[in-house]
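Chemist: Take a look at coords.csv, CSV, C-alpha atoms and all ligand atoms:
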```
chain,number,residue,atom,x,y,z
D,1,MET,CA,-38.4,31.3,33.6
D,2,THR,CA,-34.6,31.2,34.0
D,3,ASN,CA,-35.0,27.9,35.8
D,4,ARG,CA,-37.2,26.5,33.1
D,5,ARG,CA,-34.8,27.7,30.5
D,6,SER,CA,-31.8,26.2,32.2
D,7,PHE,CA,-33.7,22.9,32.7
D,8,ILE,CA,-34.5,22.7,29.0
D,9,LYS,CA,-30.8,23.5,28.3
D,10,THR,CA,-29.6,20.8,30.7
D,11,ALA,CA,-32.0,18.3,29.4
D,12,ALA,CA,-31.0,19.0,25.8
D,13,ILE,CA,-27.3,18.6,26.7
D,14,ALA,CA,-28.1,15.3,28.5
D,15,SER,CA,-30.1,13.9,25.5
D,16,ALA,CA,-27.4,15.0,23.1
D,17,ALA,CA,-24.9,13.1,25.3
D,18,VAL,CA,-27.0,10.0,25.1
D,19,ALA,CA,-27.3,10.4,21.3
D,20,LEU,CA,-23.6,10.9,21.0
D,21,ASN,CA,-23.0,7.8,23.1
D,22,SER,CA,-25.1,5.6,20.8
D,23,PHE,CA,-23.2,7.2,17.9
D,24,LYS,CA,-20.1,5.2,19.1
D,25,GLY,CA,-21.8,2.0,18.1
D,26,LYS,CA,-22.4,0.9,21.7
D,27,PRO,CA,-23.3,-2.8,21.5
D,28,GLU,CA,-26.7,-4.0,22.5
D,29,GLU,CA,-26.5,-6.3,25.5
D,30,ASN,CA,-26.7,-10.1,25.0
D,31,ASP,CA,-26.3,-9.9,21.2
D,32,PHE,CA,-23.7,-12.5,20.4
D,33,SER,CA,-25.1,-13.3,17.0
D,34,SER,CA,-22.2,-12.0,15.0
D,35,LYS,CA,-19.0,-14.0,14.3
D,36,LYS,CA,-15.8,-12.8,15.8
D,37,GLY,CA,-12.9,-12.0,13.4
D,38,LYS,CA,-9.6,-10.3,14.1
D,39,LYS,CA,-8.1,-7.5,12.1
D,40,PRO,CA,-6.9,-7.5,9.4
D,41,ILE,CA,-9.9,-9.2,7.9
D,42,VAL,CA,-11.7,-9.2,4.5
D,43,LEU,CA,-15.2,-10.4,3.5
D,44,SER,CA,-16.7,-10.7,0.1
D,45,THR,CA,-19.8,-12.0,-1.6
D,46,TRP,CA,-20.3,-15.4,-3.3
D,47,ASN,CA,-17.9,-18.2,-4.2
D,48,PHE,CA,-15.6,-16.0,-6.3
D,49,GLY,CA,-15.0,-14.2,-3.0
D,50,ILE,CA,-12.4,-16.9,-2.1
D,51,GLN,CA,-10.0,-16.0,-5.0
D,52,ALA,CA,-10.8,-12.3,-4.5
D,53,ASN,CA,-10.1,-12.5,-0.8
D,54,ALA,CA,-6.8,-14.2,-1.5
D,55,ALA,CA,-5.6,-11.3,-3.6
D,56,ALA,CA,-6.8,-8.8,-0.9
D,57,TRP,CA,-5.1,-10.8,1.8
D,58,GLU,CA,-1.7,-10.5,0.2
D,59,ILE,CA,-2.0,-6.7,0.9
D,60,LEU,CA,-3.7,-6.9,4.3
D,61,LYS,CA,-1.3,-9.4,5.8
D,62,ASN,CA,1.6,-7.1,4.9
D,63,LYS,CA,-0.1,-4.3,6.8
D,64,GLY,CA,-1.3,-2.7,3.5
D,65,ARG,CA,-4.2,-0.4,3.2
D,66,ALA,CA,-7.8,-1.7,3.1
D,67,LEU,CA,-8.5,0.4,0.1
D,68,ASP,CA,-5.7,-1.2,-1.9
D,69,ALA,CA,-6.8,-4.6,-0.7
D,70,VAL,CA,-10.4,-4.3,-1.8
D,71,GLU,CA,-9.5,-2.9,-5.2
D,72,ALA,CA,-6.9,-5.7,-5.9
D,73,GLY,CA,-9.4,-8.2,-4.6
D,74,VAL,CA,-12.4,-7.4,-6.8
D,75,LYS,CA,-10.2,-7.1,-9.8
D,76,VAL,CA,-9.8,-10.9,-9.8
D,77,PRO,CA,-13.4,-11.7,-10.8
D,78,GLU,CA,-13.5,-8.6,-13.0
D,79,GLY,CA,-10.7,-9.9,-15.1
D,80,ASP,CA,-11.9,-13.5,-15.2
D,81,PRO,CA,-14.0,-14.2,-18.4
D,82,LYS,CA,-15.4,-17.3,-16.7
D,83,GLU,CA,-17.1,-15.1,-14.1
D,84,ARG,CA,-20.2,-14.2,-16.0
D,85,SER,CA,-21.6,-11.5,-13.7
D,86,VAL,CA,-18.7,-9.2,-13.2
D,87,GLY,CA,-16.4,-7.3,-15.6
D,88,TYR,CA,-14.9,-9.0,-18.6
D,89,GLY,CA,-17.2,-11.9,-19.7
D,90,GLY,CA,-20.2,-10.4,-17.9
D,91,ARG,CA,-23.6,-11.0,-19.4
D,92,PRO,CA,-24.8,-8.2,-21.6
D,93,ASP,CA,-27.9,-6.1,-21.5
D,94,ARG,CA,-30.8,-6.9,-23.8
D,95,ASP,CA,-29.1,-5.1,-26.7
D,96,GLY,CA,-26.0,-7.2,-26.4
D,97,ARG,CA,-23.9,-4.5,-24.7
D,98,VAL,CA,-21.9,-5.3,-21.6
D,99,THR,CA,-22.4,-2.3,-19.2
D,100,LEU,CA,-20.6,-2.3,-15.9
D,101,ASP,CA,-21.3,-0.7,-12.5
D,102,ALA,CA,-18.8,-0.2,-9.7
D,103,CYS,CA,-18.0,1.9,-6.7
D,104,ILE,CA,-15.4,2.3,-4.0
D,105,MET,CA,-15.2,4.0,-0.6
D,106,ASP,CA,-12.3,4.6,1.8
D,107,GLU,CA,-11.7,5.2,5.5
D,108,ASN,CA,-12.0,9.0,5.0
D,109,ALA,CA,-15.4,8.8,3.2
D,110,ASN,CA,-13.8,9.4,-0.1
D,111,ILE,CA,-16.1,7.9,-2.8
D,112,GLY,CA,-15.9,7.1,-6.5
D,113,SER,CA,-18.3,5.4,-8.8
D,114,VAL,CA,-19.0,4.5,-12.4
D,115,ALA,CA,-22.2,3.3,-13.9
D,116,CYS,CA,-23.2,1.9,-17.3
D,117,LEU,CA,-19.5,1.8,-18.3
D,118,GLU,CA,-18.6,-0.1,-21.5
D,119,PHE,CA,-15.4,-1.6,-22.9
D,120,ILE,CA,-13.3,-1.3,-19.8
D,121,LYS,CA,-12.2,-4.5,-18.0
D,122,HIS,CA,-11.7,-3.0,-14.5
D,123,PRO,CA,-14.4,-0.5,-13.7
D,124,ILE,CA,-13.4,-0.6,-10.0
D,125,SER,CA,-10.1,1.1,-10.9
D,126,VAL,CA,-12.0,3.7,-13.0
D,127,ALA,CA,-14.2,4.3,-10.0
D,128,ARG,CA,-11.0,4.8,-7.9
D,129,GLY,CA,-9.8,7.2,-10.5
D,130,VAL,CA,-13.1,9.2,-10.2
D,131,MET,CA,-12.5,9.3,-6.5
D,132,GLU,CA,-8.9,10.4,-6.6
D,133,LYS,CA,-8.6,12.5,-9.7
D,134,THR,CA,-11.9,14.3,-10.3
D,135,PRO,CA,-13.9,16.8,-8.3
D,136,HIS,CA,-16.9,14.4,-8.7
D,137,VAL,CA,-18.1,11.2,-7.2
D,138,MET,CA,-19.9,9.5,-10.1
D,139,LEU,CA,-19.5,9.3,-13.9
D,140,VAL,CA,-21.8,7.4,-16.2
D,141,GLY,CA,-21.9,6.0,-19.7
D,142,ASP,CA,-19.9,7.8,-22.3
D,143,GLY,CA,-18.6,10.3,-19.8
D,144,ALA,CA,-17.2,7.4,-17.7
D,145,LEU,CA,-15.6,5.9,-20.8
D,146,GLN,CA,-14.0,9.1,-21.9
D,147,PHE,CA,-12.6,9.6,-18.4
D,148,ALA,CA,-11.2,6.0,-18.4
D,149,LEU,CA,-9.6,6.5,-21.8
D,150,SER,CA,-8.0,9.8,-20.7
D,151,GLN,CA,-6.5,7.9,-17.8
D,152,GLY,CA,-4.9,5.3,-20.0
D,153,PHE,CA,-7.4,2.4,-19.6
D,154,LYS,CA,-7.5,0.2,-22.7
D,155,LYS,CA,-10.8,-0.1,-24.7
D,156,GLU,CA,-11.6,-3.8,-25.1
D,157,ASN,CA,-14.5,-5.9,-26.3
D,158,LEU,CA,-15.9,-7.4,-23.1
D,159,LEU,CA,-18.5,-9.7,-24.7
D,160,THR,CA,-17.1,-13.2,-24.7
D,161,GLU,CA,-18.3,-15.9,-27.1
D,162,GLU,CA,-20.1,-17.7,-24.2
D,163,SER,CA,-22.0,-14.6,-23.1
D,164,GLU,CA,-22.9,-13.7,-26.7
D,165,LYS,CA,-24.2,-17.2,-27.2
D,166,GLU,CA,-26.3,-17.0,-24.1
D,167,TRP,CA,-27.7,-13.6,-25.1
D,168,LYS,CA,-28.7,-14.9,-28.5
D,169,GLU,CA,-30.5,-17.8,-26.9
D,170,TRP,CA,-32.2,-15.4,-24.6
D,171,LEU,CA,-33.3,-13.2,-27.6
D,172,LYS,CA,-35.5,-16.1,-28.8
D,173,ASP,CA,-38.2,-15.2,-26.3
D,174,SER,CA,-36.6,-12.1,-24.7
D,175,LYS,CA,-38.3,-12.5,-21.3
D,176,TYR,CA,-36.6,-10.4,-18.6
D,177,LYS,CA,-37.0,-12.5,-15.5
D,178,PRO,CA,-34.0,-12.5,-13.1
D,179,ILE,CA,-34.3,-15.5,-10.9
D,180,ALA,CA,-33.0,-15.5,-7.4
D,181,ASN,CA,-29.6,-17.2,-7.0
D,182,ILE,CA,-29.6,-18.4,-10.6
D,183,GLU,CA,-26.5,-17.4,-12.3
D,184,ASN,CA,-27.8,-14.5,-14.3
D,185,HIS,CA,-26.7,-11.9,-11.8
D,186,ASP,CA,-24.3,-11.6,-8.9
D,187,THR,CA,-22.0,-8.9,-7.7
D,188,ILE,CA,-18.7,-9.0,-5.9
D,189,GLY,CA,-18.9,-6.7,-2.9
D,190,MET,CA,-15.9,-6.6,-0.7
D,191,ILE,CA,-15.3,-5.0,2.7
D,192,ALA,CA,-12.0,-5.0,4.7
D,193,LEU,CA,-10.5,-3.8,8.0
D,194,ASP,CA,-6.7,-3.4,7.8
D,195,ALA,CA,-4.0,-3.8,10.4
D,196,SER,CA,-4.2,-0.1,11.2
D,197,GLY,CA,-7.9,-0.4,12.0
D,198,ASN,CA,-9.2,1.3,8.8
D,199,LEU,CA,-12.2,0.2,6.8
D,200,SER,CA,-12.8,0.3,3.0
D,201,GLY,CA,-15.1,-1.3,0.5
D,202,ALA,CA,-15.5,-2.0,-3.2
D,203,CYS,CA,-18.4,-3.3,-5.2
D,204,THR,CA,-18.5,-4.3,-8.9
D,205,THR,CA,-20.9,-6.0,-11.3
D,206,SER,CA,-22.2,-6.4,-14.8
D,207,GLY,CA,-25.6,-6.1,-13.2
D,208,MET,CA,-28.7,-8.0,-14.1
D,209,ALA,CA,-28.3,-10.0,-17.3
D,210,PHE,CA,-30.4,-8.8,-20.2
D,211,LYS,CA,-31.5,-5.6,-18.4
D,212,MET,CA,-32.7,-2.6,-20.4
D,213,HIS,CA,-29.9,-0.6,-21.8
D,214,GLY,CA,-29.0,2.1,-19.3
D,215,ARG,CA,-30.3,0.2,-16.3
D,216,VAL,CA,-28.2,0.9,-13.2
D,217,GLY,CA,-28.5,-1.3,-10.1
D,218,ASP,CA,-27.5,-0.7,-6.5
D,219,SER,CA,-23.8,-1.7,-6.9
D,220,PRO,CA,-22.4,1.7,-8.0
D,221,ILE,CA,-24.6,3.6,-5.7
D,222,ILE,CA,-22.9,4.6,-2.4
D,223,GLY,CA,-25.3,3.9,0.4
D,224,ALA,CA,-27.2,1.2,-1.6
D,225,GLY,CA,-24.7,-1.4,-2.8
D,226,LEU,CA,-21.8,-0.3,-0.5
D,227,TYR,CA,-21.2,1.9,2.6
D,228,VAL,CA,-18.3,2.5,4.9
D,229,ASP,CA,-18.1,4.5,8.0
D,230,ASN,CA,-14.7,4.3,9.6
D,231,GLU,CA,-16.0,4.9,13.1
D,232,ILE,CA,-18.7,2.1,12.9
D,233,GLY,CA,-18.4,-0.5,10.1
D,234,ALA,CA,-19.0,-1.4,6.5
D,235,ALA,CA,-21.6,-3.2,4.5
D,236,THR,CA,-22.1,-4.4,0.9
D,237,ALA,CA,-25.0,-6.0,-0.9
D,238,THR,CA,-25.8,-8.4,-3.8
D,239,GLY,CA,-29.1,-9.5,-5.4
D,240,HIS,CA,-31.9,-7.5,-6.9
D,241,GLY,CA,-30.5,-4.0,-7.0
D,242,GLU,CA,-33.9,-2.3,-7.3
D,243,GLU,CA,-34.8,-3.7,-3.8
D,244,VAL,CA,-31.5,-2.6,-2.2
D,245,ILE,CA,-31.9,0.9,-3.6
D,246,ARG,CA,-35.4,1.1,-2.3
D,247,ILE,CA,-34.2,0.9,1.3
D,248,SER,CA,-30.7,2.6,0.8
D,249,GLY,CA,-29.6,-0.9,2.0
D,250,CYS,CA,-25.9,-0.6,3.0
D,251,HIS,CA,-26.3,2.8,4.6
D,252,LEU,CA,-29.1,1.4,6.6
D,253,VAL,CA,-27.0,-1.6,7.7
D,254,VAL,CA,-24.2,0.7,8.9
D,255,GLU,CA,-26.7,3.1,10.7
D,256,LEU,CA,-28.2,0.1,12.5
D,257,MET,CA,-24.7,-0.9,13.6
D,258,ARG,CA,-24.2,2.7,14.8
D,259,GLN,CA,-27.3,2.3,16.9
D,260,GLY,CA,-25.7,-0.7,18.6
D,261,LYS,CA,-26.8,-3.6,16.5
D,262,SER,CA,-24.3,-6.3,15.8
D,263,PRO,CA,-23.4,-6.8,12.1
D,264,GLN,CA,-25.6,-9.9,12.0
D,265,LYS,CA,-28.6,-8.2,13.5
D,266,ALA,CA,-28.1,-5.1,11.3
D,267,CYS,CA,-28.2,-7.3,8.2
D,268,GLU,CA,-31.3,-9.1,9.5
D,269,GLU,CA,-33.1,-5.9,10.1
D,270,ALA,CA,-32.3,-4.5,6.7
D,271,VAL,CA,-33.7,-7.7,5.1
D,272,ALA,CA,-36.8,-7.4,7.3
D,273,ARG,CA,-37.3,-3.9,5.9
D,274,ILE,CA,-37.3,-5.3,2.3
D,275,VAL,CA,-39.6,-8.2,3.3
D,276,LYS,CA,-42.1,-5.7,4.8
D,277,LEU,CA,-42.0,-3.4,1.8
D,278,THR,CA,-42.4,-6.3,-0.7
D,279,LYS,CA,-45.5,-7.5,1.2
D,280,ASN,CA,-46.9,-4.0,1.3
D,281,ARG,CA,-46.4,-3.6,-2.4
D,282,ASN,CA,-48.1,-7.0,-3.1
D,283,LYS,CA,-45.0,-8.5,-4.7
D,284,ASP,CA,-43.9,-12.0,-4.3
D,285,LEU,CA,-40.9,-12.4,-2.0
D,286,LYS,CA,-40.0,-15.7,-3.7
D,287,ASP,CA,-39.0,-13.8,-6.8
D,288,ILE,CA,-36.5,-11.7,-4.9
D,289,GLN,CA,-33.1,-12.3,-3.5
D,290,VAL,CA,-31.0,-9.8,-1.6
D,291,GLY,CA,-28.0,-10.5,0.6
D,292,PHE,CA,-26.0,-8.2,2.9
D,293,ILE,CA,-22.6,-8.7,4.5
D,294,ALA,CA,-21.4,-6.4,7.3
D,295,LEU,CA,-18.3,-5.9,9.3
D,296,ASN,CA,-17.8,-3.7,12.3
D,297,LYS,CA,-14.8,-1.8,13.6
D,298,LYS,CA,-14.0,-4.7,16.0
D,299,GLY,CA,-13.7,-7.2,13.2
D,300,GLU,CA,-17.1,-8.9,14.0
D,301,TYR,CA,-19.1,-9.8,11.0
D,302,GLY,CA,-22.5,-11.1,9.9
D,303,SER,CA,-24.7,-11.7,6.9
D,304,TYR,CA,-28.3,-12.3,6.1
D,305,CYS,CA,-30.4,-12.8,2.9
D,306,ILE,CA,-33.9,-13.4,1.8
D,307,GLN,CA,-33.6,-16.9,0.4
D,308,GLY,CA,-31.1,-19.7,1.0
D,309,GLY,CA,-28.3,-20.0,-1.5
D,310,PHE,CA,-26.2,-16.9,-0.8
D,311,ASN,CA,-22.7,-17.4,0.6
D,312,TYR,CA,-19.7,-15.2,1.3
D,313,ALA,CA,-16.0,-15.6,1.8
D,314,VAL,CA,-14.1,-14.5,4.9
D,315,ASN,CA,-10.3,-14.3,5.2
D,316,ASP,CA,-8.4,-13.4,8.4
D,317,GLU,CA,-5.4,-14.9,10.1
D,318,THR,CA,-7.3,-18.2,10.6
D,319,GLY,CA,-7.7,-18.7,6.9
D,320,ASN,CA,-10.0,-18.1,3.9
D,321,ARG,CA,-13.4,-19.8,4.1
D,322,LEU,CA,-16.9,-19.8,2.5
D,323,ILE,CA,-19.9,-19.4,4.8
D,324,ASP,CA,-23.5,-20.0,4.0
D,325,ALA,CA,-25.5,-17.0,5.0
D,326,ASP,CA,-28.6,-17.5,7.2
D,327,TYR,CA,-31.8,-16.5,5.4
D,328,PHE,CA,-35.4,-15.4,6.0
D,329,LEU,CA,-37.5,-17.6,3.7
D,330,LYS,CA,-37.2,-21.0,5.4
Y,401,LIG,N1,-27.0,-6.1,-7.3
Y,401,LIG,C1,-26.7,-6.3,-8.7
Y,401,LIG,C2,-27.6,-5.4,-9.5
Y,401,LIG,O1,-28.7,-5.3,-9.2
Y,401,LIG,C3,-26.8,-7.7,-9.2
Y,401,LIG,C4,-26.5,-8.9,-8.3
Y,401,LIG,O2,-25.8,-8.7,-7.3
Y,401,LIG,O3,-26.9,-10.0,-8.5
Y,401,LIG,O4,-27.1,-5.0,-10.6
```
I need this file expressed as structure tokens, please.
Ligand code: ASP

Modeler:
Amino acid sequence: MTNRRSFIKTAAIASAAVALNSFKGKPEENDFSSKKGKKPIVLSTWNFGIQANAAAWEILKNKGRALDAVEAGVKVPEGDPKERSVGYGGRPDRDGRVTLDACIMDENANIGSVACLEFIKHPISVARGVMEKTPHVMLVGDGALQFALSQGFKKENLLTEESEKEWKEWLKDSKYKPIANIENHDTIGMIALDASGNLSGACTTSGMAFKMHGRVGDSPIIGAGLYVDNEIGAATATGHGEEVIRISGCHLVVELMRQGKSPQKACEEAVARIVKLTKNRNKDLKDIQVGFIALNKKGEYGSYCIQGGFNYAVNDETGNRLIDADYFLK
């Protein structure tokens, strides 16, 4: 009996040791699919990632904190009225209201988020305020606005003439049909590894154009649109938020990296999960776009999406460039 008991104990310790080992993100052998970067490094989604990365890089190259870099980076498209899917100038919901979603996560697993926030140009900074100045992690709607105003953020009209015109055009037949890669959605998600080896991420969007009032996507949801684990890596997402939420997308990508997958393979497996569920649910994959980008602690990175057309920007000491993501539906 004692022998059996001590055998069970030894076996339990041994398997716990194996589990612990894989928790360090031990790489799978012969997986060279990810691209090699060098810290500091910053990645962000879509074309507007180039300008956003440039702002983040100013902080990273001077040995600044990844958290400050990602906030400064995503504020660029947030403040640009020509970017019609993020912040000021973002397309409104079906009632003509611009409602914004954003979240932020640092190297110590501090998190902050706002959803369905109106009238504030930089929701990412309000999310950071939630993280640093409240006992909570998420504020929504009026509560988020009240908090923002209490912190000195200015109340502004975010509906630009162009967005209003487009909304009025849409009202003519009011059909909600977000099309993959067509400019009626797009989020900036940014993940960075700083010179000290710390990871952080930020994600911000006006969500799907002409959505129902009150609709919240994946972007402000920690674990869906963004996740950071400072021991392993970080991931962020863009595309149809409902599908990303369904698989807790970015948390899944980071957990796959923890199990030893490269950033590239982790993104591919998360996309495969969405593909499978879409088929099981008898929905048409052609109507869906989701893209992930991921970065590990070593500065290796990867990306994958459902359909062609998604790109992301990478900035490290070798420069700032746009990369077309590989995709499933060929
Ligand atoms: N993921 C965003 C949302 O569902 C939109 C996008 O990235 O295109 O709100």

Chemist: With all atoms listed in the file as the counted atoms, please give the residues lying no more than 9 Å from segment 188-191 of chain D, apart from itself and same-chain residues fewer than 4 positions off, as JSON, numbers by chain.

Modeler: {"D": [41, 42, 43, 44, 45, 46, 48, 49, 52, 53, 66, 70, 71, 73, 74, 77, 78, 85, 86, 199, 200, 201, 202, 203, 204, 205, 219, 225, 226, 228, 234, 235, 236, 237, 238, 293, 294, 295]}

Chemist: Could you save those same residues with C-alpha atoms as a short mmCIF file (atom, residue, chain, number, x, y, z; two decimals), keeping the file's coordinate frame?

Modeler:
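Final output, saved to selection-v6.cif:
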```cif
data_model
loop_
_atom_site.label_atom_id
_atom_site.label_comp_id
_atom_site.auth_asym_id
_atom_site.auth_seq_id
_atom_site.Cartn_x
_atom_site.Cartn_y
_atom_site.Cartn_z
CA ILE D 41 -9.90 -9.20 7.90
CA VAL D 42 -11.70 -9.20 4.50
CA LEU D 43 -15.20 -10.40 3.50
CA SER D 44 -16.70 -10.70 0.10
CA THR D 45 -19.80 -12.00 -1.60
CA TRP D 46 -20.30 -15.40 -3.30
CA PHE D 48 -15.60 -16.00 -6.30
CA GLY D 49 -15.00 -14.20 -3.00
CA ALA D 52 -10.80 -12.30 -4.50
CA ASN D 53 -10.10 -12.50 -0.80
CA ALA D 66 -7.80 -1.70 3.10
CA VAL D 70 -10.40 -4.30 -1.80
CA GLU D 71 -9.50 -2.90 -5.20
CA GLY D 73 -9.40 -8.20 -4.60
CA VAL D 74 -12.40 -7.40 -6.80
CA PRO D 77 -13.40 -11.70 -10.80
CA GLU D 78 -13.50 -8.60 -13.00
CA SER D 85 -21.60 -11.50 -13.70
CA VAL D 86 -18.70 -9.20 -13.20
CA LEU D 199 -12.20 0.20 6.80
CA SER D 200 -12.80 0.30 3.00
CA GLY D 201 -15.10 -1.30 0.50
CA ALA D 202 -15.50 -2.00 -3.20
CA CYS D 203 -18.40 -3.30 -5.20
CA THR D 204 -18.50 -4.30 -8.90
CA THR D 205 -20.90 -6.00 -11.30
CA SER D 219 -23.80 -1.70 -6.90
CA GLY D 225 -24.70 -1.40 -2.80
CA LEU D 226 -21.80 -0.30 -0.50
CA VAL D 228 -18.30 2.50 4.90
CA ALA D 234 -19.00 -1.40 6.50
CA ALA D 235 -21.60 -3.20 4.50
CA THR D 236 -22.10 -4.40 0.90
CA ALA D 237 -25.00 -6.00 -0.90
CA THR D 238 -25.80 -8.40 -3.80
CA ILE D 293 -22.60 -8.70 4.50
CA ALA D 294 -21.40 -6.40 7.30
CA LEU D 295 -18.30 -5.90 9.30
#
```

Chemist: With only C-alpha atoms and all ligand atoms counted, collect every polymer residue having an atom within 10 Å of ligand LIG 401 (chain Y); state the result as a PDB file with C-alpha atoms, in the frame of the given file.

Modeler:
```
ATOM      1  CA  THR D  45     -19.800 -12.000  -1.600  1.00  0.00           C
ATOM      2  CA  TRP D  46     -20.300 -15.400  -3.300  1.00  0.00           C
ATOM      3  CA  SER D  85     -21.600 -11.500 -13.700  1.00  0.00           C
ATOM      4  CA  VAL D  86     -18.700  -9.200 -13.200  1.00  0.00           C
ATOM      5  CA  LEU D 100     -20.600  -2.300 -15.900  1.00  0.00           C
ATOM      6  CA  ASP D 101     -21.300  -0.700 -12.500  1.00  0.00           C
ATOM      7  CA  ALA D 102     -18.800  -0.200  -9.700  1.00  0.00           C
ATOM      8  CA  PRO D 178     -34.000 -12.500 -13.100  1.00  0.00           C
ATOM      9  CA  ILE D 179     -34.300 -15.500 -10.900  1.00  0.00           C
ATOM     10  CA  ALA D 180     -33.000 -15.500  -7.400  1.00  0.00           C
ATOM     11  CA  ASN D 181     -29.600 -17.200  -7.000  1.00  0.00           C
ATOM     12  CA  ILE D 182     -29.600 -18.400 -10.600  1.00  0.00           C
ATOM     13  CA  GLU D 183     -26.500 -17.400 -12.300  1.00  0.00           C
ATOM     14  CA  ASN D 184     -27.800 -14.500 -14.300  1.00  0.00           C
ATOM     15  CA  HIS D 185     -26.700 -11.900 -11.800  1.00  0.00           C
ATOM     16  CA  ASP D 186     -24.300 -11.600  -8.900  1.00  0.00           C
ATOM     17  CA  THR D 187     -22.000  -8.900  -7.700  1.00  0.00           C
ATOM     18  CA  ILE D 188     -18.700  -9.000  -5.900  1.00  0.00           C
ATOM     19  CA  GLY D 189     -18.900  -6.700  -2.900  1.00  0.00           C
ATOM     20  CA  CYS D 203     -18.400  -3.300  -5.200  1.00  0.00           C
ATOM     21  CA  THR D 204     -18.500  -4.300  -8.900  1.00  0.00           C
ATOM     22  CA  THR D 205     -20.900  -6.000 -11.300  1.00  0.00           C
ATOM     23  CA  SER D 206     -22.200  -6.400 -14.800  1.00  0.00           C
ATOM     24  CA  GLY D 207     -25.600  -6.100 -13.200  1.00  0.00           C
ATOM     25  CA  MET D 208     -28.700  -8.000 -14.100  1.00  0.00           C
ATOM     26  CA  ALA D 209     -28.300 -10.000 -17.300  1.00  0.00           C
ATOM     27  CA  LYS D 211     -31.500  -5.600 -18.400  1.00  0.00           C
ATOM     28  CA  ARG D 215     -30.300   0.200 -16.300  1.00  0.00           C
ATOM     29  CA  VAL D 216     -28.200   0.900 -13.200  1.00  0.00           C
ATOM     30  CA  GLY D 217     -28.500  -1.300 -10.100  1.00  0.00           C
ATOM     31  CA  ASP D 218     -27.500  -0.700  -6.500  1.00  0.00           C
ATOM     32  CA  SER D 219     -23.800  -1.700  -6.900  1.00  0.00           C
ATOM     33  CA  PRO D 220     -22.400   1.700  -8.000  1.00  0.00           C
ATOM     34  CA  ALA D 224     -27.200   1.200  -1.600  1.00  0.00           C
ATOM     35  CA  GLY D 225     -24.700  -1.400  -2.800  1.00  0.00           C
ATOM     36  CA  THR D 236     -22.100  -4.400   0.900  1.00  0.00           C
ATOM     37  CA  ALA D 237     -25.000  -6.000  -0.900  1.00  0.00           C
ATOM     38  CA  THR D 238     -25.800  -8.400  -3.800  1.00  0.00           C
ATOM     39  CA  GLY D 239     -29.100  -9.500  -5.400  1.00  0.00           C
ATOM     40  CA  HIS D 240     -31.900  -7.500  -6.900  1.00  0.00           C
ATOM     41  CA  GLY D 241     -30.500  -4.000  -7.000  1.00  0.00           C
ATOM     42  CA  GLU D 242     -33.900  -2.300  -7.300  1.00  0.00           C
ATOM     43  CA  GLU D 243     -34.800  -3.700  -3.800  1.00  0.00           C
ATOM     44  CA  VAL D 244     -31.500  -2.600  -2.200  1.00  0.00           C
ATOM     45  CA  ILE D 245     -31.900   0.900  -3.600  1.00  0.00           C
ATOM     46  CA  GLN D 289     -33.100 -12.300  -3.500  1.00  0.00           C
ATOM     47  CA  VAL D 290     -31.000  -9.800  -1.600  1.00  0.00           C
ATOM     48  CA  GLY D 291     -28.000 -10.500   0.600  1.00  0.00           C
TER      49      GLY D 291
END
```

Chemist: Might you pull out every residue within 8 Å of segment 160-174 of chain D, with all atoms listed in the file counted and same-chain residues fewer than 4 positions away left off, and present them as a count of residues only?

Modeler: 10

Chemist: Can you pull out every residue within 12 Å of Ala270 of chain D, counting only C-alpha atoms, but drop anything in the same chain fewer than 3 positions away, and send it as a PyMOL selection string?

Modeler: chain D and resi 224+235-237+243-257+261+263-267+273-277+290-294+303-306+328

Chemist: Which value, in Å to one decimal, gives the distance between atom CA of Ala192 of chain D and atom CA of Arg128 of chain D?

Modeler: 16.0 Å

Chemist: So that I can see what lies close to Ile323 of chain D, please list as a JSON list (two decimals) with C-alpha atoms, in the frame of the given file the residues with an atom at most 9 Å from it, counting all atoms listed in the file and leaving out residues fewer than 3 positions away in the same chain.

Modeler:
```json
[["chain", "number", "residue", "atom", "x", "y", "z"],
["D", 310, "PHE", "CA", -26.20, -16.90, -0.80],
["D", 311, "ASN", "CA", -22.70, -17.40, 0.60],
["D", 312, "TYR", "CA", -19.70, -15.20, 1.30],
["D", 313, "ALA", "CA", -16.00, -15.60, 1.80],
["D", 314, "VAL", "CA", -14.10, -14.50, 4.90]]
```

Chemist: Provide the atom CA of Glu118 of chain D to atom CA of Ile50 of chain D distance in Å, to one decimal place.

Modeler: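 Those two atoms sit 26.4 Å apart.
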
Chemist: Could you work out how far atom CA of Gln151 of chain D lies from atom CA of Ala69 of chain D, giving the answer in Å with one decimal?

Modeler: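 We find that atom CA of Ala69 of chain D and atom CA of Gln151 of chain D lie 21.2 Å from each other.
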
Chemist: With only C-alpha atoms counted, which protein, DNA or RNA residues have an atom no more than 8 Å from (-10.4, -6.7, -18.9) in the file frame? Please answer as a VMD selection string.

Modeler: chain D and resid 78 to 80 87 to 88 120 to 122 156 158

Chemist: Which of these, D:Ala325, D:Ile59, D:Ala195, D:Leu117, has the shortest distance to Gly214 of chain D once you count only C-alpha atoms?

Modeler: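 Looking only at the distances to Gly214 of chain D, the closest residue turns out to be D:Leu117.
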
Chemist: Can you find the residues with an atom no farther than 12 Å from (-15.7, 10.7, 1.8), counting all atoms listed in the file, and report them as a ChimeraX atom specification?

Modeler: /D:104-112,131-132,135-137,200,222-223,227-230
